[in-house]
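With compact mmCIF, C-alpha atoms (C1' of nucleotides) inside, this is query_22.txt:
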# COMPACT_ATOMS: atom_id res chain seq x y z
CA MET A 1 1.00 -8.30 23.33
CA TRP A 2 -2.12 -8.31 21.14
CA PHE A 3 -0.24 -8.30 17.84
CA ARG A 4 3.09 -8.86 16.14
CA ILE A 5 5.37 -6.56 14.17
CA ASP A 6 7.17 -7.76 11.07
CA ALA A 7 9.96 -5.30 10.35
CA ARG A 8 10.49 -6.84 6.90
CA SER A 9 6.90 -6.42 5.82
CA PRO A 10 6.20 -3.86 3.09
CA THR A 11 3.38 -2.41 5.22
CA PRO A 12 4.74 0.31 7.51
CA ILE A 13 5.31 -0.46 11.18
CA TYR A 14 2.95 2.25 12.41
CA GLN A 15 0.25 0.79 10.15
CA GLN A 16 0.81 -2.68 11.59
CA ILE A 17 0.29 -1.19 15.06
CA VAL A 18 -2.94 0.46 13.90
CA ASP A 19 -4.20 -2.77 12.32
CA GLY A 20 -3.19 -4.85 15.33
CA ILE A 21 -4.99 -2.66 17.86
CA LYS A 22 -8.08 -2.32 15.68
CA GLU A 23 -8.21 -6.09 15.37
CA ALA A 24 -7.80 -6.53 19.13
CA VAL A 25 -10.67 -4.12 19.75
CA ALA A 26 -12.88 -5.79 17.14
CA LYS A 27 -12.22 -9.16 18.78
CA ASN A 28 -12.99 -7.80 22.26
CA VAL A 29 -9.46 -8.57 23.41
CA LEU A 30 -9.28 -4.88 24.20
CA GLN A 31 -12.45 -3.45 25.69
CA GLY A 32 -13.85 0.06 26.01
CA GLY A 33 -12.17 2.21 28.68
CA GLU A 34 -9.16 -0.08 28.95
CA ARG A 35 -5.81 1.72 29.16
CA LEU A 36 -3.12 1.20 26.55
CA PRO A 37 0.63 1.29 27.20
CA SER A 38 2.24 4.71 26.90
CA VAL A 39 4.05 5.52 23.69
CA ARG A 40 7.48 5.09 25.30
CA GLU A 41 6.40 1.93 27.11
CA LEU A 42 5.08 0.25 23.95
CA ALA A 43 8.11 1.48 22.03
CA GLY A 44 10.36 -0.14 24.63
CA LEU A 45 8.44 -3.42 24.61
CA MET A 46 8.70 -3.76 20.83
CA THR A 47 12.06 -2.04 20.40
CA LEU A 48 10.61 0.75 18.31
CA ASN A 49 10.95 4.50 18.30
CA HIS A 50 8.42 6.41 20.39
CA ASN A 51 7.63 8.58 17.39
CA THR A 52 6.51 5.52 15.44
CA VAL A 53 4.11 4.48 18.21
CA ALA A 54 2.90 8.06 18.58
CA LYS A 55 2.08 8.18 14.87
CA ALA A 56 0.03 4.99 15.20
CA TYR A 57 -1.84 6.37 18.24
CA GLN A 58 -2.66 9.58 16.37
CA GLU A 59 -4.11 7.60 13.47
CA LEU A 60 -6.14 5.46 15.88
CA GLU A 61 -7.49 8.59 17.58
CA ARG A 62 -8.41 10.02 14.17
CA GLU A 63 -10.43 6.86 13.52
CA ARG A 64 -12.12 7.15 16.92
CA VAL A 65 -10.68 3.78 18.05
CA ILE A 66 -8.89 5.26 21.08
CA GLU A 67 -9.15 8.42 23.17
CA VAL A 68 -6.13 10.40 24.22
CA VAL A 69 -5.82 12.51 27.38
CA ARG A 70 -2.71 14.63 27.74
CA GLY A 71 -0.79 13.72 30.87
CA ARG A 72 -3.05 10.71 31.62
CA GLY A 73 -2.64 8.22 28.80
CA THR A 74 -4.58 6.60 25.97
CA PHE A 75 -7.71 4.51 26.38
CA VAL A 76 -9.88 2.32 24.17
CA ALA A 77 -12.88 4.36 23.05
CA GLU A 78 -16.44 3.35 23.79
CA PRO A 79 -18.29 2.36 20.62
CA GLY A 80 -19.95 5.34 18.98
CA SER A 81 -20.92 6.75 15.62
CA THR A 82 -18.14 7.69 13.22
CA PRO A 83 -18.52 10.90 11.20
CA ASP A 84 -17.07 9.59 7.91
CA ARG A 85 -19.04 6.37 7.87
CA ALA A 86 -20.09 6.67 4.22
CA GLU A 87 -16.52 7.11 2.96
CA ARG A 88 -15.33 4.15 4.98
CA VAL A 89 -18.09 1.90 3.66
CA ALA A 90 -17.20 3.01 0.13
CA HIS A 91 -13.58 2.14 0.82
CA MET A 92 -14.66 -1.30 2.00
CA LYS A 93 -16.45 -1.81 -1.30
CA ASP A 94 -13.30 -0.89 -3.22
CA ILE A 95 -11.41 -3.56 -1.30
CA MET A 96 -14.18 -6.05 -2.01
CA LYS A 97 -13.75 -5.33 -5.69
CA GLN A 98 -10.05 -6.09 -5.44
CA LEU A 99 -10.96 -9.41 -3.81
CA TRP A 100 -13.41 -10.16 -6.61
CA VAL A 101 -10.83 -9.35 -9.28
CA GLU A 102 -8.14 -11.42 -7.57
CA ALA A 103 -10.51 -14.35 -7.16
CA HIS A 104 -11.27 -14.50 -10.87
CA HIS A 105 -7.56 -14.37 -11.70
CA LEU A 106 -7.18 -17.43 -9.46
CA GLN A 107 -9.92 -19.23 -11.41
CA MET A 108 -12.35 -18.92 -8.53
CA THR A 109 -16.02 -18.29 -9.19
CA SER A 110 -17.91 -15.64 -7.27
CA GLN A 111 -19.55 -18.45 -5.36
CA ASP A 112 -16.13 -19.80 -4.36
CA LEU A 113 -15.26 -16.32 -3.14
CA MET A 114 -18.39 -16.03 -1.01
CA THR A 115 -17.84 -19.49 0.45
CA LEU A 116 -14.27 -18.61 1.44
CA MET A 117 -15.44 -15.35 2.96
CA LYS A 118 -18.21 -17.02 4.90
CA SER A 119 -15.99 -19.63 6.50
CA ALA A 120 -13.35 -17.04 7.39
CA VAL A 121 -15.92 -14.75 8.98
CA HIS A 122 -17.31 -17.64 11.01
CA GLU A 123 -13.84 -18.38 12.29
CA TRP A 124 -13.27 -14.82 13.50
CA ASP A 125 -16.76 -14.58 14.97
CA GLN A 126 -15.96 -17.57 17.17
CA GLU A 127 -12.68 -16.01 18.34
CA ARG A 128 -14.65 -12.90 19.18
CA GLY A 129 -17.25 -14.84 21.11
CA ARG A 130 -14.65 -16.44 23.38
CA GLU A 131 -13.53 -13.00 24.62
CA GLU A 132 -17.06 -11.84 25.48
CA SER A 133 -17.24 -9.96 28.79
CA MET B 1 -9.02 3.40 -21.92
CA TRP B 2 -10.11 0.65 -19.52
CA PHE B 3 -9.18 2.55 -16.38
CA ARG B 4 -8.34 5.94 -14.91
CA ILE B 5 -5.24 7.29 -13.22
CA ASP B 6 -5.50 9.58 -10.23
CA ALA B 7 -2.14 11.27 -9.80
CA ARG B 8 -3.17 12.55 -6.35
CA SER B 9 -4.03 9.12 -5.02
CA PRO B 10 -1.75 7.66 -2.35
CA THR B 11 -1.58 4.38 -4.30
CA PRO B 12 1.31 4.49 -6.78
CA ILE B 13 0.57 5.12 -10.46
CA TYR B 14 2.12 1.85 -11.61
CA GLN B 15 -0.10 0.01 -9.09
CA GLN B 16 -3.19 1.77 -10.47
CA ILE B 17 -2.23 0.52 -13.92
CA VAL B 18 -1.83 -3.01 -12.58
CA ASP B 19 -5.19 -2.88 -10.80
CA GLY B 20 -6.94 -1.35 -13.78
CA ILE B 21 -5.73 -3.96 -16.24
CA LYS B 22 -6.41 -6.83 -13.85
CA GLU B 23 -9.95 -5.53 -13.37
CA ALA B 24 -10.46 -5.18 -17.13
CA VAL B 25 -9.34 -8.77 -17.63
CA ALA B 26 -11.52 -10.06 -14.80
CA LYS B 27 -14.51 -8.27 -16.33
CA ASN B 28 -13.79 -9.69 -19.81
CA VAL B 29 -13.26 -6.18 -21.18
CA LEU B 30 -9.82 -7.43 -22.16
CA GLN B 31 -9.76 -10.98 -23.47
CA GLY B 32 -7.09 -13.60 -23.79
CA GLY B 33 -4.64 -12.99 -26.66
CA GLU B 34 -5.64 -9.37 -27.07
CA ARG B 35 -2.75 -6.97 -27.60
CA LEU B 36 -2.04 -4.15 -25.17
CA PRO B 37 -0.56 -0.76 -26.11
CA SER B 38 3.23 -0.57 -26.06
CA VAL B 39 4.90 0.98 -23.04
CA ARG B 40 5.69 4.17 -24.92
CA GLU B 41 2.22 4.32 -26.49
CA LEU B 42 0.39 3.92 -23.17
CA ALA B 43 2.81 6.35 -21.53
CA GLY B 44 2.01 8.89 -24.23
CA LEU B 45 -1.75 8.42 -23.93
CA MET B 46 -1.73 8.98 -20.17
CA THR B 47 1.19 11.45 -20.07
CA LEU B 48 3.36 9.17 -17.98
CA ASN B 49 6.93 8.04 -18.18
CA HIS B 50 7.59 4.85 -20.13
CA ASN B 51 9.49 3.46 -17.16
CA THR B 52 6.38 3.73 -15.00
CA VAL B 53 4.31 1.77 -17.53
CA ALA B 54 7.11 -0.77 -17.93
CA LYS B 55 7.14 -1.36 -14.19
CA ALA B 56 3.41 -2.06 -14.28
CA TYR B 57 3.81 -4.48 -17.20
CA GLN B 58 6.58 -6.35 -15.39
CA GLU B 59 4.39 -6.77 -12.33
CA LEU B 60 1.50 -7.98 -14.51
CA GLU B 61 3.78 -10.49 -16.21
CA ARG B 62 5.00 -11.69 -12.80
CA GLU B 63 1.36 -12.36 -11.89
CA ARG B 64 0.77 -14.19 -15.19
CA VAL B 65 -1.88 -11.66 -16.27
CA ILE B 66 -0.07 -10.70 -19.48
CA GLU B 67 2.59 -12.26 -21.69
CA VAL B 68 5.49 -10.32 -23.08
CA VAL B 69 7.31 -11.01 -26.37
CA ARG B 70 10.40 -8.96 -27.06
CA GLY B 71 10.07 -7.07 -30.30
CA ARG B 72 6.38 -8.00 -30.72
CA GLY B 73 4.47 -6.51 -27.81
CA THR B 74 2.44 -7.53 -24.76
CA PHE B 75 -0.70 -9.64 -24.83
CA VAL B 76 -3.37 -10.69 -22.36
CA ALA B 77 -2.51 -14.16 -21.11
CA GLU B 78 -4.80 -17.13 -21.52
CA PRO B 79 -6.14 -18.32 -18.17
CA GLY B 80 -3.86 -20.90 -16.60
CA SER B 81 -2.65 -22.12 -13.25
CA THR B 82 -0.62 -19.71 -11.13
CA PRO B 83 2.40 -21.09 -9.27
CA ASP B 84 1.93 -19.16 -6.01
CA ARG B 85 -1.77 -19.81 -5.68
CA ALA B 86 -1.63 -20.72 -1.98
CA GLU B 87 0.14 -17.51 -0.99
CA ARG B 88 -2.31 -15.42 -2.95
CA VAL B 89 -5.32 -17.09 -1.36
CA ALA B 90 -3.74 -16.52 2.06
CA HIS B 91 -3.29 -12.88 1.15
CA MET B 92 -6.96 -12.67 0.21
CA LYS B 93 -7.86 -14.00 3.63
CA ASP B 94 -5.75 -11.32 5.30
CA ILE B 95 -7.66 -8.69 3.38
CA MET B 96 -10.95 -10.31 4.37
CA LYS B 97 -9.89 -10.03 8.00
CA GLN B 98 -9.28 -6.31 7.54
CA LEU B 99 -12.80 -6.03 6.13
CA TRP B 100 -14.21 -7.91 9.11
CA VAL B 101 -12.34 -5.67 11.56
CA GLU B 102 -13.41 -2.49 9.77
CA ALA B 103 -17.03 -3.66 9.65
CA HIS B 104 -17.17 -4.12 13.41
CA HIS B 105 -15.64 -0.68 13.99
CA LEU B 106 -18.50 0.69 11.87
CA GLN B 107 -21.03 -1.11 14.10
CA MET B 108 -21.82 -3.64 11.39
CA THR B 109 -22.53 -7.25 12.25
CA SER B 110 -20.88 -10.06 10.35
CA GLN B 111 -24.21 -10.65 8.69
CA ASP B 112 -24.31 -7.03 7.53
CA LEU B 113 -20.85 -7.53 6.07
CA MET B 114 -21.84 -10.66 4.15
CA THR B 115 -24.96 -8.94 2.81
CA LEU B 116 -22.93 -5.99 1.53
CA MET B 117 -20.40 -8.32 -0.04
CA LYS B 118 -23.08 -10.42 -1.70
CA SER B 119 -24.81 -7.47 -3.34
CA ALA B 120 -21.52 -5.99 -4.53
CA VAL B 121 -20.42 -9.29 -6.05
CA HIS B 122 -23.74 -9.65 -7.84
CA GLU B 123 -23.28 -6.20 -9.34
CA TRP B 124 -19.83 -7.01 -10.74
CA ASP B 125 -20.97 -10.42 -11.98
CA GLN B 126 -23.58 -8.70 -14.11
CA GLU B 127 -21.03 -6.28 -15.57
CA ARG B 128 -18.88 -9.26 -16.38
CA GLY B 129 -21.73 -11.09 -18.07
CA ARG B 130 -22.43 -8.19 -20.44
CA GLU B 131 -18.92 -8.46 -21.91
CA GLU B 132 -19.16 -12.20 -22.56
CA SER B 133 -17.71 -13.18 -25.92
C1' DC C 1 20.23 -6.03 -44.95
C1' DT C 2 17.74 -1.66 -43.14
C1' DG C 3 14.74 0.61 -40.54
C1' DC C 4 11.23 0.71 -37.22
C1' DG C 5 8.86 -0.62 -33.11
C1' DT C 6 9.08 -3.71 -29.36
C1' DG C 7 10.55 -4.66 -24.27
C1' DT C 8 14.36 -3.92 -21.32
C1' DA C 9 18.34 -1.99 -18.80
C1' DC C 10 20.71 1.38 -17.29
C1' DC C 11 21.98 6.31 -15.37
C1' DA C 12 20.93 10.56 -12.71
C1' DT C 13 17.72 13.37 -10.36
C1' DA C 14 13.94 14.98 -7.42
C1' DA C 15 10.32 14.27 -4.15
C1' DC C 16 8.29 11.90 -0.52
C1' DA C 17 7.40 8.53 3.30
C1' DA C 18 9.21 5.79 7.02
C1' DG C 19 11.91 5.15 10.81
C1' DC C 20 15.39 6.32 14.11
C1' DG C 21 17.67 9.14 17.82
C1' DG C 22 17.45 13.01 20.47
C1' DT C 23 15.55 17.04 22.83
C1' DA C 24 12.06 19.84 24.68
C1' DC C 25 7.47 21.43 26.22
C1' DA C 26 2.69 21.40 28.46
C1' DC C 27 -0.06 18.68 30.85
C1' DT C 28 -1.87 15.46 34.90
C1' DT C 29 -1.19 12.99 38.95
C1' DG C 30 0.79 11.52 43.34
C1' DC D 1 7.88 19.22 43.83
C1' DA D 2 8.97 14.92 40.61
C1' DA D 3 7.45 11.54 37.47
C1' DG D 4 4.90 10.08 33.63
C1' DT D 5 1.86 11.41 29.92
C1' DG D 6 1.16 12.93 24.76
C1' DT D 7 3.11 16.07 21.55
C1' DA D 8 6.27 18.75 18.62
C1' DC D 9 10.16 19.59 16.82
C1' DC D 10 15.14 18.77 14.65
C1' DG D 11 18.48 16.13 11.79
C1' DC D 12 19.64 11.98 9.50
C1' DT D 13 19.34 7.67 6.76
C1' DT D 14 16.97 4.54 3.82
C1' DG D 15 13.84 2.99 0.33
C1' DT D 16 10.20 3.88 -3.04
C1' DT D 17 8.08 6.46 -6.64
C1' DA D 18 8.33 9.00 -10.76
C1' DT D 19 10.63 11.63 -14.09
C1' DG D 20 13.97 12.36 -18.11
C1' DG D 21 17.27 10.49 -20.95
C1' DT D 22 20.15 7.05 -23.46
C1' DA D 23 21.18 2.65 -25.14
C1' DC D 24 20.78 -2.29 -26.38
C1' DA D 25 18.76 -6.82 -28.29
C1' DC D 26 15.07 -8.59 -30.46
C1' DG D 27 11.20 -9.45 -34.24
C1' DC D 28 9.23 -8.05 -38.39
C1' DA D 29 8.05 -5.73 -42.75
C1' DG D 30 10.22 -2.99 -46.37

Please express the file's structure as structure tokens.
Amino acid sequence: MWFRIDARSPTPIYQQIVDGIKEAVAKNVLQGGERLPSVRELAGLMTLNHNTVAKAYQELERERVIEVVRGRGTFVAEPGSTPDRAERVAHMKDIMKQLWVEAHHLQMTSQDLMTLMKSAVHEWDQERGREES
Amino acid sequence: MWFRIDARSPTPIYQQIVDGIKEAVAKNVLQGGERLPSVRELAGLMTLNHNTVAKAYQELERERVIEVVRGRGTFVAEPGSTPDRAERVAHMKDIMKQLWVEAHHLQMTSQDLMTLMKSAVHEWDQERGREES
DNA sequence: CTGCGTGTACCATAACAAGCGGTACACTTG
DNA sequence: CAAGTGTACCGCTTGTTATGGTACACGCAG
């Protein structure tokens, strides 16, 4: 599978599914048009309830990451514009602020923070490149 | 006060208090040794329960942001080493990955992401500088 | 010592989210 | 038709959040 589930994590299971699939799509491990397992199938593979998987799929559809067709299945969406782009960018900035605050509590300078970020981003960019179609 | 509480936010009230005080400390609005309102006082000011404020203070003490003296009050801690530094840096990297994933779902390149981060950090650095003692 | 304010520790209660198990329905496809 | 799809319910349990209230041990100024 493209991700792991930690039942003891404080973040909800359905959210871990959402994050895992979004990450797989961002890394090109899952590509546009590709079919995802059915809710019952994925639930069986990970020993979860089908309702939990269904909740994750609904959230992913709301974020335009997947497309759902009744009776056919769910598929990775083709990249397109998202309607609430401004709100989502604003939310990213809020998270960046939390990073900045946390960094200073760990005695890191802003430059330290940017250096850490840059190296991490490079790492993920390379993982993404290896999956290029 | 140094922060606001949004009762309709999905993030818990006690967590908003934690975030708000951590941000105020990071921005030098609150400085080392400074005394914070008592749990009942802060609860009264923001019309909250004293238990909710107490929970926030306990979390802040656990993170070494404040220091608590029974019978005297709570004070902003002087900067010092944190015991679980490695875990907290790892957690920061997890959050950075979420930012990277979200950026690519919003059709942003990694370079776009770093540019946004850089400008945001500069903004907060300037706010921090204005409060310098 | 007394009284007050401090953090802290309980108790009970209500509301909500998460997750599970089960059932059922409308839909598409072979 | 039958099988598989997403979806929508129901009830139930668990844990978290937040409230209200009471009580205790501590430090300090009177």

Interface list for chain B, partner chain D, 9 Å threshold, all atoms listed in the file, as a ChimeraX atom specification: /B:12-13,48-49,51-52,69-72

Write the residues of the selection above to a file with C-alpha atoms, as a PDB file, in the coordinates of the input.
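The new file again19.pdb reads:
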ATOM      1  CA  PRO B  12       1.310   4.490  -6.780  1.00  0.00           C
ATOM      2  CA  ILE B  13       0.570   5.120 -10.460  1.00  0.00           C
ATOM      3  CA  LEU B  48       3.360   9.170 -17.980  1.00  0.00           C
ATOM      4  CA  ASN B  49       6.930   8.040 -18.180  1.00  0.00           C
ATOM      5  CA  ASN B  51       9.490   3.460 -17.160  1.00  0.00           C
ATOM      6  CA  THR B  52       6.380   3.730 -15.000  1.00  0.00           C
ATOM      7  CA  VAL B  69       7.310 -11.010 -26.370  1.00  0.00           C
ATOM      8  CA  ARG B  70      10.400  -8.960 -27.060  1.00  0.00           C
ATOM      9  CA  GLY B  71      10.070  -7.070 -30.300  1.00  0.00           C
ATOM     10  CA  ARG B  72       6.380  -8.000 -30.720  1.00  0.00           C
TER      11      ARG B  72
END

Give me the least-squares superposed chain B (reference chain A; all C-alpha atoms paired in order) as an mmCIF file with C-alpha atoms, in the frame of the given file.
data_model
loop_
_atom_site.group_PDB
_atom_site.id
_atom_site.type_symbol
_atom_site.label_atom_id
_atom_site.label_comp_id
_atom_site.auth_asym_id
_atom_site.auth_seq_id
_atom_site.Cartn_x
_atom_site.Cartn_y
_atom_site.Cartn_z
ATOM 1 C CA MET B 1 1.088 -8.226 23.379
ATOM 2 C CA TRP B 2 -2.033 -8.320 21.197
ATOM 3 C CA PHE B 3 -0.152 -8.298 17.912
ATOM 4 C CA ARG B 4 3.196 -8.841 16.222
ATOM 5 C CA ILE B 5 5.467 -6.539 14.264
ATOM 6 C CA ASP B 6 7.283 -7.759 11.188
ATOM 7 C CA ALA B 7 10.055 -5.289 10.451
ATOM 8 C CA ARG B 8 10.618 -6.868 7.018
ATOM 9 C CA SER B 9 7.027 -6.451 5.921
ATOM 10 C CA PRO B 10 6.322 -3.909 3.181
ATOM 11 C CA THR B 11 3.482 -2.450 5.277
ATOM 12 C CA PRO B 12 4.822 0.297 7.551
ATOM 13 C CA ILE B 13 5.395 -0.464 11.236
ATOM 14 C CA TYR B 14 3.015 2.237 12.442
ATOM 15 C CA GLN B 15 0.314 0.752 10.170
ATOM 16 C CA GLN B 16 0.907 -2.708 11.663
ATOM 17 C CA ILE B 17 0.346 -1.204 15.100
ATOM 18 C CA VAL B 18 -2.875 0.419 13.914
ATOM 19 C CA ASP B 19 -4.116 -2.823 12.357
ATOM 20 C CA GLY B 20 -3.130 -4.885 15.367
ATOM 21 C CA ILE B 21 -4.930 -2.688 17.868
ATOM 22 C CA LYS B 22 -8.011 -2.357 15.675
ATOM 23 C CA GLU B 23 -8.141 -6.144 15.367
ATOM 24 C CA ALA B 24 -7.737 -6.584 19.130
ATOM 25 C CA VAL B 25 -10.619 -4.192 19.733
ATOM 26 C CA ALA B 26 -12.817 -5.857 17.122
ATOM 27 C CA LYS B 27 -12.148 -9.229 18.756
ATOM 28 C CA ASN B 28 -12.953 -7.884 22.247
ATOM 29 C CA VAL B 29 -9.407 -8.635 23.402
ATOM 30 C CA LEU B 30 -9.231 -4.938 24.212
ATOM 31 C CA GLN B 31 -12.408 -3.508 25.691
ATOM 32 C CA GLY B 32 -13.833 -0.046 25.964
ATOM 33 C CA GLY B 33 -12.163 2.125 28.630
ATOM 34 C CA GLU B 34 -9.145 -0.129 28.925
ATOM 35 C CA ARG B 35 -5.819 1.684 29.141
ATOM 36 C CA LEU B 36 -3.116 1.191 26.531
ATOM 37 C CA PRO B 37 0.638 1.347 27.201
ATOM 38 C CA SER B 38 2.204 4.790 26.890
ATOM 39 C CA VAL B 39 4.041 5.633 23.692
ATOM 40 C CA ARG B 40 7.423 5.263 25.353
ATOM 41 C CA GLU B 41 6.398 2.057 27.141
ATOM 42 C CA LEU B 42 5.118 0.364 23.974
ATOM 43 C CA ALA B 43 8.145 1.636 22.058
ATOM 44 C CA GLY B 44 10.398 0.068 24.675
ATOM 45 C CA LEU B 45 8.558 -3.258 24.649
ATOM 46 C CA MET B 46 8.818 -3.610 20.873
ATOM 47 C CA THR B 47 12.175 -1.822 20.456
ATOM 48 C CA LEU B 48 10.710 0.946 18.343
ATOM 49 C CA ASN B 49 10.989 4.686 18.361
ATOM 50 C CA HIS B 50 8.412 6.566 20.420
ATOM 51 C CA ASN B 51 7.611 8.716 17.403
ATOM 52 C CA THR B 52 6.565 5.637 15.444
ATOM 53 C CA VAL B 53 4.166 4.554 18.200
ATOM 54 C CA ALA B 54 2.868 8.111 18.540
ATOM 55 C CA LYS B 55 2.067 8.196 14.840
ATOM 56 C CA ALA B 56 0.053 5.000 15.213
ATOM 57 C CA TYR B 57 -1.837 6.396 18.217
ATOM 58 C CA GLN B 58 -2.681 9.581 16.322
ATOM 59 C CA GLU B 59 -4.092 7.573 13.439
ATOM 60 C CA LEU B 60 -6.122 5.435 15.864
ATOM 61 C CA GLU B 61 -7.491 8.555 17.532
ATOM 62 C CA ARG B 62 -8.397 9.985 14.113
ATOM 63 C CA GLU B 63 -10.421 6.818 13.481
ATOM 64 C CA ARG B 64 -12.101 7.092 16.901
ATOM 65 C CA VAL B 65 -10.652 3.742 18.027
ATOM 66 C CA ILE B 66 -8.869 5.203 21.057
ATOM 67 C CA GLU B 67 -9.181 8.345 23.161
ATOM 68 C CA VAL B 68 -6.217 10.375 24.256
ATOM 69 C CA VAL B 69 -5.954 12.462 27.449
ATOM 70 C CA ARG B 70 -2.868 14.597 27.829
ATOM 71 C CA GLY B 71 -1.007 13.730 30.985
ATOM 72 C CA ARG B 72 -3.196 10.670 31.695
ATOM 73 C CA GLY B 73 -2.723 8.220 28.848
ATOM 74 C CA THR B 74 -4.632 6.584 25.994
ATOM 75 C CA PHE B 75 -7.738 4.457 26.378
ATOM 76 C CA VAL B 76 -9.869 2.263 24.146
ATOM 77 C CA ALA B 77 -12.859 4.295 23.016
ATOM 78 C CA GLU B 78 -16.425 3.290 23.725
ATOM 79 C CA PRO B 79 -18.259 2.344 20.536
ATOM 80 C CA GLY B 80 -19.925 5.349 18.948
ATOM 81 C CA SER B 81 -20.849 6.779 15.590
ATOM 82 C CA THR B 82 -18.018 7.676 13.223
ATOM 83 C CA PRO B 83 -18.319 10.909 11.237
ATOM 84 C CA ASP B 84 -16.934 9.616 7.923
ATOM 85 C CA ARG B 85 -18.921 6.410 7.873
ATOM 86 C CA ALA B 86 -19.975 6.718 4.222
ATOM 87 C CA GLU B 87 -16.418 7.126 2.957
ATOM 88 C CA ARG B 88 -15.242 4.162 4.969
ATOM 89 C CA VAL B 89 -18.010 1.921 3.668
ATOM 90 C CA ALA B 90 -17.143 3.027 0.126
ATOM 91 C CA HIS B 91 -13.538 2.133 0.821
ATOM 92 C CA MET B 92 -14.626 -1.308 1.991
ATOM 93 C CA LYS B 93 -16.433 -1.797 -1.290
ATOM 94 C CA ASP B 94 -13.291 -0.907 -3.229
ATOM 95 C CA ILE B 95 -11.418 -3.572 -1.320
ATOM 96 C CA MET B 96 -14.200 -6.065 -2.007
ATOM 97 C CA LYS B 97 -13.808 -5.343 -5.709
ATOM 98 C CA GLN B 98 -10.102 -6.137 -5.477
ATOM 99 C CA LEU B 99 -11.036 -9.445 -3.852
ATOM 100 C CA TRP B 100 -13.510 -10.184 -6.634
ATOM 101 C CA VAL B 101 -10.919 -9.387 -9.311
ATOM 102 C CA GLU B 102 -8.237 -11.482 -7.615
ATOM 103 C CA ALA B 103 -10.644 -14.401 -7.197
ATOM 104 C CA HIS B 104 -11.389 -14.523 -10.911
ATOM 105 C CA HIS B 105 -7.678 -14.405 -11.763
ATOM 106 C CA LEU B 106 -7.308 -17.475 -9.529
ATOM 107 C CA GLN B 107 -10.066 -19.250 -11.493
ATOM 108 C CA MET B 108 -12.510 -18.927 -8.613
ATOM 109 C CA THR B 109 -16.179 -18.283 -9.243
ATOM 110 C CA SER B 110 -18.043 -15.627 -7.319
ATOM 111 C CA GLN B 111 -19.697 -18.425 -5.414
ATOM 112 C CA ASP B 112 -16.295 -19.811 -4.432
ATOM 113 C CA LEU B 113 -15.383 -16.353 -3.182
ATOM 114 C CA MET B 114 -18.513 -16.027 -1.047
ATOM 115 C CA THR B 115 -17.970 -19.501 0.410
ATOM 116 C CA LEU B 116 -14.397 -18.658 1.404
ATOM 117 C CA MET B 117 -15.516 -15.378 2.916
ATOM 118 C CA LYS B 118 -18.331 -17.013 4.853
ATOM 119 C CA SER B 119 -16.115 -19.642 6.455
ATOM 120 C CA ALA B 120 -13.449 -17.088 7.349
ATOM 121 C CA VAL B 121 -15.997 -14.777 8.955
ATOM 122 C CA HIS B 122 -17.424 -17.646 10.978
ATOM 123 C CA GLU B 123 -13.949 -18.434 12.270
ATOM 124 C CA TRP B 124 -13.333 -14.873 13.476
ATOM 125 C CA ASP B 125 -16.826 -14.611 14.958
ATOM 126 C CA GLN B 126 -16.039 -17.579 17.168
ATOM 127 C CA GLU B 127 -12.754 -16.048 18.333
ATOM 128 C CA ARG B 128 -14.669 -12.913 19.146
ATOM 129 C CA GLY B 129 -17.294 -14.804 21.111
ATOM 130 C CA ARG B 130 -14.694 -16.427 23.374
ATOM 131 C CA GLU B 131 -13.550 -13.008 24.619
ATOM 132 C CA GLU B 132 -17.060 -11.814 25.470
ATOM 133 C CA SER B 133 -17.197 -9.960 28.771
#

Residues within 6 Å of segment 26-33 of chain A, all atoms listed in the file, excluding chain neighbours under 3 positions, as a PyMOL selection string: (chain A and resi 23+75-78+128+131) or (chain B and resi 101+104)

Expected answer as an MDAnalysis selection string: chain C residues within 9 Å of chain A, only C-alpha atoms (C1' of nucleotides): chainID C and resid 18:21 26:29

Determine, for each residue of chain A having at least one atom at most 8 Å from an atom of chain B, the closest pair of atoms and their separation in Å to one decimal, counting only C-alpha atoms; order by chain and ascending number, as a Markdown table.
| residue | atom | partner | partner_atom | distance |
| --- | --- | --- | --- | --- |
| A:Asp19 | CA | B:Gln98 | CA | 7.8 |
| A:Lys22 | CA | B:Val101 | CA | 6.8 |
| A:Glu23 | CA | B:Val101 | CA | 5.6 |
| A:Ala26 | CA | B:Val101 | CA | 5.6 |
| A:Val65 | CA | B:His105 | CA | 7.8 |
| A:Pro79 | CA | B:His105 | CA | 7.8 |
| A:Ser81 | CA | B:Leu106 | CA | 7.5 |
| A:Thr82 | CA | B:Leu106 | CA | 7.1 |
| A:Arg85 | CA | B:Leu106 | CA | 7.0 |
| A:Met92 | CA | B:Leu99 | CA | 6.5 |
| A:Lys93 | CA | B:Ala120 | CA | 7.3 |
| A:Ile95 | CA | B:Ile95 | CA | 7.9 |
| A:Met96 | CA | B:Met117 | CA | 6.9 |
| A:Lys97 | CA | B:Val121 | CA | 7.8 |
| A:Gln98 | CA | B:Asp19 | CA | 7.9 |
| A:Leu99 | CA | B:Met92 | CA | 6.5 |
| A:Trp100 | CA | B:Val121 | CA | 7.1 |
| A:Val101 | CA | B:Ala26 | CA | 5.6 |
| A:Glu102 | CA | B:Met92 | CA | 8.0 |
| A:His104 | CA | B:Ala26 | CA | 5.9 |
| A:His105 | CA | B:Ala26 | CA | 6.6 |
| A:Leu106 | CA | B:Arg85 | CA | 7.0 |
| A:Gln107 | CA | B:Pro79 | CA | 7.8 |
| A:Ser110 | CA | B:Val121 | CA | 6.9 |
| A:Met114 | CA | B:Lys118 | CA | 7.3 |
| A:Met117 | CA | B:Met96 | CA | 6.9 |
| A:Lys118 | CA | B:Met114 | CA | 7.4 |
| A:Ala120 | CA | B:Lys93 | CA | 7.3 |
| A:Val121 | CA | B:Ser110 | CA | 7.0 |
| A:Asp125 | CA | B:Ser110 | CA | 7.7 |
